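I have placed the structure first, in the form of structure tokens, so that the comments after it can refer back to it.
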Amino acid sequence: MSVKSTAAKPRTPRTGTGTRGGAKRRGGTGEPELVQLLTPEGERVQHSEYSIDLSPDELRGLYRDMVLTRRFDAEATSLQRQGELGLWASLLGQEAAQIGSGRATRPDDYVFPTYREHGVAWCRGVDPANLLGMFRGVNHGGWDPNENNFHLYTIVIGSQTLHATGYAMGAAMDGTDSAVIAYFGDGASSQGDVAEAFTFAAVYNAPVVFFCQNNQWAISEPTEKQTRVPIYQRSAGFGFPGVRVDGNDVLAVLAVTKAALEHARSGQGPMLVEAFTYRMGAHTTSDDPTRYRLDEEREQWERKDPILRLRTYLEKEGLADEAYLAGIEAESEALGKRVREAVRTMPDPDTMAIFENVYADGHALVDEERAQFAEYLATFEEGH
Amino acid sequence: MSVKSTAAKPRTPRTGTGTRGGAKRRGGTGEPELVQLLTPEGERVQHSEYSIDLSPDELRGLYRDMVLTRRFDAEATSLQRQGELGLWASLLGQEAAQIGSGRATRPDDYVFPTYREHGVAWCRGVDPANLLGMFRGVNHGGWDPNENNFHLYTIVIGSQTLHATGYAMGAAMDGTDSAVIAYFGDGASSQGDVAEAFTFAAVYNAPVVFFCQNNQWAISEPTEKQTRVPIYQRSAGFGFPGVRVDGNDVLAVLAVTKAALEHARSGQGPMLVEAFTYRMGAHTTSDDPTRYRLDEEREQWERKDPILRLRTYLEKEGLADEAYLAGIEAESEALGKRVREAVRTMPDPDTMAIFENVYADGHALVDEERAQFAEYLATFEEGH
Amino acid sequence: MATTTMTIAKALNEALRKSLETDAKVVLMGEDIGKLGGVFRITDGLQKDFGENRVIDTPLAESGIVGTAIGLALRGYRPVVEIQFDGFVFPAYDQIVTQLAKMHARALGKIKLPVVIRIPYAGGIGAVEHHSESPEVLFAHIPGLKVVSPSNPQDAYWMLQQAIDCDDPVIFFEPKRRYWDKGEVDPTAIPAPLHTAHTVLDGTDVTLAAYGPMVKVCLEAAAAAAEEGRSLEVVDLRSLSPVDFDTLQASVQKTGRLVTVHEAPVFLGMGAEIAARITERCFYHLQAPVLRVGGFHAPYPPARLEEEYLPGLDRVLDAVDRALAY
Amino acid sequence: MATTTMTIAKALNEALRKSLETDAKVVLMGEDIGKLGGVFRITDGLQKDFGENRVIDTPLAESGIVGTAIGLALRGYRPVVEIQFDGFVFPAYDQIVTQLAKMHARALGKIKLPVVIRIPYAGGIGAVEHHSESPEVLFAHIPGLKVVSPSNPQDAYWMLQQAIDCDDPVIFFEPKRRYWDKGEVDPTAIPAPLHTAHTVLDGTDVTLAAYGPMVKVCLEAAAAAAEEGRSLEVVDLRSLSPVDFDTLQASVQKTGRLVTVHEAPVFLGMGAEIAARITERCFYHLQAPVLRVGGFHAPYPPARLEEEYLPGLDRVLDAVDRALAY
Ligand SMILES: Cc1ncc(C[n+]2csc(CCOP(=O)(O)OP(=O)(O)O)c2C)c(N)n1
Ligand SMILES: Cc1ncc(C[n+]2csc(CCOP(=O)(O)OP(=O)(O)O)c2C)c(N)n1
Ligand SMILES: [Mg+2]
Ligand SMILES: [Mg+2]
């Protein structure tokens, strides 16, 4: 895989007009500042600053990642409907943004996700079944973040951008050239913590990429409720560049994120990437988007589907024949099945786990309460 | 007084390069983007976007405001040394930033200060002696904010920018054309609250001017510890214009702030003004700046003194003769004396004031504690 | 509206509607409270009927919401803020503690801040992390704030209106797992003062003091105890700042025993203050120490453990047994 | 360093120096802690000696400081954060409560967060608003945090090093008005465990329980009481989460009476928990209810009123009198 970019050099970010309406929302492909390498129709196009050159295997790999991620996501949604999960936050529609950026990271890079980065987790090598624990309610995450340099899901909006910044400061102090990527949403861009993360990252020149998936919605609120100019413009006033990429174009996302990570690891400090995409499903399985948005908006975005366009391209280029596609299909089904089984057999936590891991070095009150509760529970066993 | 500006029209803010070093710190007059109408040498200069045309009386008024404010400030500093005040936060050096902006406001506008806006308070008609209550420790502020539309001093850095934004939202909802101005410092620009205020102000198009006095220091930290690009560039990424003005040039500050307030009240939403100035004294009387900054920096800024340059101009134009200046001097002394006496006779609060104004509608626990404490105190009176 | 059976959710919605109707200065603010009607639908239909200036969808920033609500209050408005879930109030904590709670005193009374902050709180709905917290102590400890929590539709309807009418900041905790519990609401009743406790069940042996979601648990415990011939009195505190200690004291002077019940951790929970103060007030009446049932000193657990974590009927009755064993 | 007389401020400075020397992963973060040495000079000279990567002047944003400290801890560092004054910790409260306190549990123990947050707290220095707060309960109530507060130079020196060594987040409250109090520091002593209480004065009539700035007040009260022939025992709690109830219980079982003293408001203060728990543990030993001396339910007053507001010798002795009157 080779990714070339001029973005690693200091350059003038393309900031907005500073007044309302500087860019049209949901402009999609029409917007000049959107980096795109693969059109919704599956045409490869060139971009003046970002280019990418992938082998057929690499291209097929991205396709496979997206298909499997979508399949996993669908399985989780249906597991929620079946009552196996309490909740699910679907990434449907955001596969390119997640696979493109996830595949841009190196193993030694560190990833700070929100609660929706199932595709990124996949790229990092986290077992998808592990992601379901918190949605089933058996834990709050619980995978080992250091196993794949993939932090736990963070639910409090924006918090993780500061953790990522601090981690990046540490990586730089350690003299490594590892970079960090922090995911957040369009809604999250309003949180003070995100602004503070921008400030710290800029002041300390921390090697962190802020990756905003602008999926146009924060639950029921459209992006206009968070900002009146495009989000990628936010960073310039903090002293680092921002770029908007077509978030449904896996090639562009890969190229741009790779460049941003290079920018960071080469000592040039933070960068903001706004992946312009769309949340095709509900916010979570608890949500009812019919209350606040029109079907036609979704339909418009369906035409920009990230998987379809890569498939069109692969087929056109003769890189994917029916056998290949059938193979991926079979793999998808197997994944779905494996996840389904894994979830169904996921054991409930032991009651006394309530008292575990509250502290690393112990705490007298926890010990006391644990003992009292055990005693109390024992009264039932004795048939009290 | 007439102030003309092209800034009231939507325009492209001059944003930075987005990379470190986009502008030199402490550049002072050398920086192209600094709006200036009166040079440190007292020369009137023109600016392409901002102009101002003041009568002799208006010009003398600004001079008088600055001199009296500085005199008041010096008196407060010496009152602190004499033990009459517990603390004082001097505005020395920031007179132009405060008088220029304060005089730009209309009576129906509303002002949200930090803890250093003594000059703005003066312009709003707040009795200077009233400002000293909190520094003497007899109250936490205590003037009636609605008397002069001048809110209480806010100590928690950045908080008031949100109050200002909410107030401005309300003013707009009420259908008035009043505007709001929120003061904050270079250090404050790092607080999440300030970023959230920018977001709310932009999204609701609130008529609020964010007025940042960049006095180069947040206690011991230079501005580089807060940002790597000029602060006025911060707003563009939130969707509204920012401008940097020579904060030691009272004419430029007046012109720019007036324009910004017009921008706000005419329905164009918020604007950011960065007044580039210098904190000539210590952070507060508790601070020791010799630990962290060089005398020569201060000396450089002394040459840009806001009062001196206006005086030079007035004298050159024949607007201030010795008699006039002596008059101001006498007025200053009288003010100092009045303030000194007012502070010395400021009564200590009654002990039971502890329990007053905790709630507007009463609270049983406060009532109980008040009664118990009164009973306890009575035991001493009875010679218990 | 005549006396009607409705859920707590509906009662809150009706209370907001009534307030919006009767006072043009009332505005609602929060995330997703407009078209969506809030994630719990408490504001359902209100933006449609009162417009976007009265029911304001805000940016996703809680400090910003509370901070601008303060500004609106300074301008004469009466903002009613919705925090989406208990666990998301903390970004606003600074504004609440250092500004909202203190500004009236700071201004020597010259400013009033009639701001209500509605917080769906506590557990029992099988949610993911941060959606089941009980942070009431973190507000009740702060001078300048008032804190209340209804446990039934009638109180929900009236207490919310009273909170909005109050000239002080009120933190209004809504027991989210009871949102769909039904009860009678009489819109013509003359409501009790906001900060009074209610004895919701008379009894003689032990007093149970609870509020919000735990009132129901205590009533169930009392019913179970009654079958065993024990007479429990249940006091619904309703207000956590101030607490109506007079009502509680009267009850404990009668029963001689007190068990407090809440979901929040016991350590420094409301039960601590109640135990300390009631012990002081009823030192010679108490037959047993005040016993406290509540959450453990551990983060709220994953949903599959919340049944075990949450105080239920059995744990309440266990404490009753222990109190009676003295 | 041999046993030396020094101030609490100096002892803290020495402890930080020692930690920076012995563990390369220790980093200090905060506003003005570099050249200035912090507004209280606790970090005086440390940036000069250890460099800007070990002693980090941060932007003016407390949530940012704590949030990035968490990130540094995830990377293997041991950040020691200075919050400039008690009243300025609230912008960081969300990061502390929802992230710092819970992340170890969230990760099922796979992550440790050895972060110390130093907070100069409480009143008595004649400061303006927000500079005299006692917010300890707001942290001690939170599972996942540990909370301690030294009252003398020896404890300051050792407890800070122990806090830094601890693999859990520790909120370290420094009694700012005692910074300049002197005492002996023995750098070779084997310190007591961090979370134990110390009986600093033996007595028989009434136990006084205090921590931080109030320990001195209690010792003074005990001296005054001794002149009247009353023997007070003084327990310095040192740790507020966990509290060493065993030491306290032993004392109360001996004296039969307990008075708690702190600056924070009494309502839901540490005294509430101590009263509740000690009453439960010592129900048959207590000759009087646990009485509590502390701040009122009012914002910390302007400096000219703080003498009256703060618990002093007289108010402590008044409570002792009342306890003995039972
Ligand atoms: C501090 C905080 N406030 C509120 C919430 C509730 N909440 C969860 S997701 C969400 C919307 C997030 O929108 P966005 O950042 O665009 O991410 P997306 O869900 O679209 O991926 C909200 C308001 C939260 N989790 N944290
Ligand atoms: C939230 C908060 N953190 C810390 C402080 C302590 N503090 C008071 S003033 C100050 C520096 C402010 O700098 P700046 O914003 O530039 O304003 P200036 O004092 O220069 O006018 C600090 C850190 C505070 N008041 N509030
Ligand atoms: Mg979104
Ligand atoms: Mg400054």
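Each chain in the structure tokens gets a letter, A, B, ..., in the order shown, and its residues are numbered from 1; ligands are numbered from 1 in order too.
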Up to 8 Å from chain C, what residues of chain B turn up? Count only C-alpha atoms and give them as a PyMOL selection string.
chain B and resi 139-145+152+156+159-160+162-171+173+193+196-197+199-200+203+356-361+363-365
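Inspection of the environment of ligand 3, which uses only C-alpha atoms and all ligand atoms and a cut-off of 8 Å, identifies the neighbouring residues as Gly185, Asp186, Gly187, Ala188, Gln213, Asn214, Asn215, Gln216, Trp217, Ala218, Ile219, Thr223 and Arg279 of chain A.
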For stretch 10-15 of chain D, find every residue with an atom within 10 Å (counting only C-alpha atoms), except residues of its own chain fewer than 2 positions away, and show them as a compact mmCIF listing (two decimals) with N, CA, C and O atoms, in the first residue's frame.
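The file below, out33.txt, is the result:
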# COMPACT_ATOMS: atom_id res chain seq x y z
N MET D 1 18.68 13.71 53.58
CA MET D 1 17.94 14.67 54.41
C MET D 1 17.68 14.03 55.77
O MET D 1 17.09 12.94 55.86
N THR D 4 14.08 17.16 59.85
CA THR D 4 14.20 18.61 59.72
C THR D 4 12.87 19.25 60.07
O THR D 4 11.82 18.66 59.85
N THR D 5 12.96 20.44 60.58
CA THR D 5 11.74 21.21 60.79
C THR D 5 11.43 21.97 59.51
O THR D 5 12.32 22.64 58.97
N MET D 6 10.24 21.81 59.05
CA MET D 6 9.87 22.54 57.83
C MET D 6 8.37 22.77 57.79
O MET D 6 7.61 22.20 58.57
N THR D 7 7.95 23.63 56.86
CA THR D 7 6.52 23.91 56.70
C THR D 7 5.86 22.78 55.91
O THR D 7 6.53 21.98 55.23
N ILE D 8 4.55 22.77 55.96
CA ILE D 8 3.80 21.82 55.12
C ILE D 8 4.12 22.08 53.66
O ILE D 8 4.33 21.14 52.88
N ARG D 17 9.64 16.49 44.82
CA ARG D 17 11.01 16.35 44.36
C ARG D 17 11.47 14.89 44.45
O ARG D 17 12.02 14.32 43.50
N LYS D 18 11.19 14.29 45.58
CA LYS D 18 11.57 12.89 45.79
C LYS D 18 10.89 12.00 44.74
O LYS D 18 11.54 11.11 44.16
N SER D 19 9.62 12.22 44.52
CA SER D 19 8.90 11.39 43.55
C SER D 19 9.43 11.58 42.14
O SER D 19 9.55 10.63 41.36
N LEU D 20 9.74 12.83 41.80
CA LEU D 20 10.30 13.10 40.47
C LEU D 20 11.65 12.42 40.31
O LEU D 20 11.99 11.94 39.22
N GLU D 21 12.39 12.39 41.40
CA GLU D 21 13.72 11.76 41.36
C GLU D 21 13.64 10.25 41.22
O GLU D 21 14.38 9.64 40.46
N GLY D 37 6.29 28.41 40.18
CA GLY D 37 6.28 27.44 41.28
C GLY D 37 4.90 27.27 41.90
O GLY D 37 4.78 26.76 43.01
N ARG D 41 3.67 28.15 45.66
CA ARG D 41 5.09 27.79 45.59
C ARG D 41 5.35 26.33 45.98
O ARG D 41 6.46 25.99 46.37
N ILE D 42 4.34 25.49 45.86
CA ILE D 42 4.55 24.10 46.24
C ILE D 42 5.49 23.40 45.26
O ILE D 42 6.20 22.47 45.61
N THR D 43 5.49 23.89 44.01
CA THR D 43 6.37 23.27 43.01
C THR D 43 7.62 24.11 42.76
O THR D 43 8.29 23.95 41.74
N ASP D 44 7.91 24.97 43.71
CA ASP D 44 9.05 25.89 43.57
C ASP D 44 10.34 25.17 43.18
O ASP D 44 10.74 24.19 43.81
N GLY D 45 10.95 25.63 42.12
CA GLY D 45 12.25 25.11 41.71
C GLY D 45 12.21 23.78 40.96
O GLY D 45 13.23 23.33 40.46
N LEU D 46 11.06 23.17 40.86
CA LEU D 46 11.04 21.82 40.28
C LEU D 46 11.16 21.84 38.77
O LEU D 46 11.81 20.97 38.19
N ASN D 152 -0.25 17.98 58.84
CA ASN D 152 1.05 18.40 59.38
C ASN D 152 2.17 18.05 58.39
O ASN D 152 1.95 17.27 57.45
N PRO D 153 3.32 18.62 58.57
CA PRO D 153 4.41 18.41 57.59
C PRO D 153 4.81 16.95 57.40
O PRO D 153 5.03 16.50 56.27
N GLN D 154 4.89 16.22 58.48
CA GLN D 154 5.30 14.82 58.37
C GLN D 154 4.32 14.04 57.48
O GLN D 154 4.72 13.32 56.56
N ASP D 155 3.04 14.22 57.75
CA ASP D 155 2.04 13.54 56.91
C ASP D 155 2.06 14.09 55.49
O ASP D 155 1.90 13.33 54.53
N ALA D 156 2.22 15.39 55.36
CA ALA D 156 2.26 15.99 54.02
C ALA D 156 3.36 15.32 53.20
O ALA D 156 3.16 14.93 52.05
N TYR D 157 4.51 15.18 53.81
CA TYR D 157 5.66 14.60 53.12
C TYR D 157 5.40 13.15 52.71
O TYR D 157 5.62 12.77 51.55
N TRP D 158 4.90 12.38 53.65
CA TRP D 158 4.74 10.96 53.37
C TRP D 158 3.48 10.63 52.60
O TRP D 158 3.49 9.81 51.67
N MET D 159 2.40 11.27 52.98
CA MET D 159 1.13 10.93 52.32
C MET D 159 1.15 11.29 50.84
O MET D 159 0.57 10.58 50.01
N LEU D 160 1.83 12.37 50.49
CA LEU D 160 1.88 12.72 49.07
C LEU D 160 2.67 11.67 48.29
O LEU D 160 2.27 11.25 47.21
N GLN D 161 3.75 11.22 48.84
CA GLN D 161 4.51 10.17 48.15
C GLN D 161 3.71 8.87 48.07
O GLN D 161 3.74 8.17 47.05
N GLN D 162 3.00 8.57 49.13
CA GLN D 162 2.16 7.35 49.10
C GLN D 162 1.05 7.48 48.07
O GLN D 162 0.72 6.52 47.38
N ILE D 164 1.16 9.23 45.35
CA ILE D 164 1.77 9.10 44.02
C ILE D 164 2.10 7.64 43.72
O ILE D 164 1.96 7.17 42.59
N GLU D 174 -4.99 19.69 50.32
CA GLU D 174 -3.96 20.36 51.11
C GLU D 174 -4.57 21.54 51.87
O GLU D 174 -5.16 22.42 51.26
N TYR D 179 -0.29 25.80 55.24
CA TYR D 179 0.91 25.62 54.43
C TYR D 179 2.16 26.09 55.16
O TYR D 179 3.23 25.54 54.99
N TRP D 180 2.01 27.15 55.94
CA TRP D 180 3.20 27.73 56.55
C TRP D 180 3.42 27.28 58.00
O TRP D 180 4.29 27.76 58.68
N ASP D 181 2.59 26.34 58.44
CA ASP D 181 2.80 25.76 59.77
C ASP D 181 4.00 24.82 59.72
O ASP D 181 4.18 24.08 58.76
N LYS D 182 4.78 24.88 60.78
CA LYS D 182 5.99 24.06 60.78
C LYS D 182 5.87 22.81 61.63
O LYS D 182 5.07 22.74 62.56
N GLY D 183 6.70 21.84 61.30
CA GLY D 183 6.74 20.62 62.08
C GLY D 183 7.94 19.79 61.64
O GLY D 183 8.61 20.11 60.66
N GLU D 184 8.19 18.73 62.36
CA GLU D 184 9.33 17.87 62.04
C GLU D 184 8.96 16.92 60.89
O GLU D 184 7.86 16.37 60.85
N VAL D 185 9.91 16.72 60.02
CA VAL D 185 9.74 15.71 58.97
C VAL D 185 10.91 14.75 59.05
O VAL D 185 12.08 15.16 58.97
N PRO D 187 12.50 11.89 57.11
CA PRO D 187 12.45 11.24 55.80
C PRO D 187 12.87 9.78 55.84
O PRO D 187 12.85 9.11 54.81
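For B:Gly83, the non-local neighbours within 12 Å, defined as residues at least 2 positions apart in the same chain or in other chains and counting only C-alpha atoms, are Ala76, Thr77, Ser78, Leu79, Gln80, Arg81, Leu85, Gly86, Leu87, Trp88, Phe135, Arg136, Gly137, Thr285, Arg340, Val343 and Arg344 of chain B; Gly126 of chain D.
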Looking only at the backbone, which of the residues in stretch 100-176 of chain C does DSSP tag as helix (DSSP H, G or I), as a PyMOL selection string?
chain C and resi 100+103-106+137-140+153-165+176
Interface rows for chain C against ligand 1: nearest pair, Å to one decimal, 8 Å, only C-alpha atoms and all ligand atoms, as JSON lines:
{"residue": "C:Glu31", "atom": "CA", "partner": "ligand 1", "partner_atom_place_in_ligand_line": "23 (C)", "distance": 6.2}
{"residue": "C:Asp32", "atom": "CA", "partner": "ligand 1", "partner_atom_place_in_ligand_line": "23 (C)", "distance": 7.4}
{"residue": "C:Leu60", "atom": "CA", "partner": "ligand 1", "partner_atom_place_in_ligand_line": "23 (C)", "distance": 5.9}
{"residue": "C:Ala61", "atom": "CA", "partner": "ligand 1", "partner_atom_place_in_ligand_line": "3 (N)", "distance": 6.8}
{"residue": "C:Glu62", "atom": "CA", "partner": "ligand 1", "partner_atom_place_in_ligand_line": "1 (C)", "distance": 6.7}
{"residue": "C:Ile83", "atom": "CA", "partner": "ligand 1", "partner_atom_place_in_ligand_line": "4 (C)", "distance": 7.7}
{"residue": "C:Gln84", "atom": "CA", "partner": "ligand 1", "partner_atom_place_in_ligand_line": "4 (C)", "distance": 6.0}
{"residue": "C:Phe85", "atom": "CA", "partner": "ligand 1", "partner_atom_place_in_ligand_line": "6 (C)", "distance": 7.0}
{"residue": "C:Gly87", "atom": "CA", "partner": "ligand 1", "partner_atom_place_in_ligand_line": "26 (N)", "distance": 7.6}
{"residue": "C:Phe88", "atom": "CA", "partner": "ligand 1", "partner_atom_place_in_ligand_line": "1 (C)", "distance": 4.6}
{"residue": "C:Val89", "atom": "CA", "partner": "ligand 1", "partner_atom_place_in_ligand_line": "1 (C)", "distance": 7.2}
{"residue": "C:Phe90", "atom": "CA", "partner": "ligand 1", "partner_atom_place_in_ligand_line": "1 (C)", "distance": 7.7}
{"residue": "C:Pro91", "atom": "CA", "partner": "ligand 1", "partner_atom_place_in_ligand_line": "1 (C)", "distance": 6.5}
{"residue": "C:His130", "atom": "CA", "partner": "ligand 1", "partner_atom_place_in_ligand_line": "25 (N)", "distance": 7.9}
With a distance threshold of 6 Å and counting only C-alpha atoms, extract the residues of chain D near chain C and express them as a PyMOL selection string.
chain D and resi 90-91+94+138+141+143+268+272-273+275-276+280+289+297-299
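One distance worth recording is that between atom CA of A:Gly61 and atom CA of A:Glu33, which is 27.7 Å.
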Spatial neighbours of A:Asn248, max dist 6 Å, only C-alpha atoms, sep filter under 2 positions, as number ranges by chain:
A: 96, 246, 277, 306
Take the residues from that selection and write them out as a JSON list (two decimals), in the first residue's frame, keeping C-alpha atoms.
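File written: result_13.json
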[["chain", "number", "residue", "atom", "x", "y", "z"],
["A", 96, "ALA", "CA", -15.97, 3.71, 4.70],
["A", 246, "ASP", "CA", -15.94, 12.19, 1.56],
["A", 277, "THR", "CA", -20.97, 10.80, 5.97],
["A", 306, "PRO", "CA", -19.76, 3.30, 0.59]]
Among stretch 183-231 of chain B, which residues does DSSP mark as strand (DSSP E) when it is run on the backbone? Keep the chain and numbering as in the structure and answer as a PyMOL selection string.
chain B and resi 183-185+208-214+217-218+221-222
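Across A:Ser235, A:Thr161, A:Asn130, A:Thr290, the tightest approach to chain B is made by A:Ser235 when counting only C-alpha atoms.
Considering only C-alpha atoms, the residue among B:Gly125, B:Gly237, B:Pro113, B:Gly133 positioned nearest to chain A is B:Gly237.
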Could you name the residues that touch D:Gln253 at 9 Å or less, counting only C-alpha atoms, but leaving out those on the same chain fewer than 2 positions away, as a PyMOL selection string?
chain D and resi 248-251+255-257+282+284-286
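Here atom CA of B:Leu377 is placed at a distance of 10.1 Å from atom CA of B:Met352.
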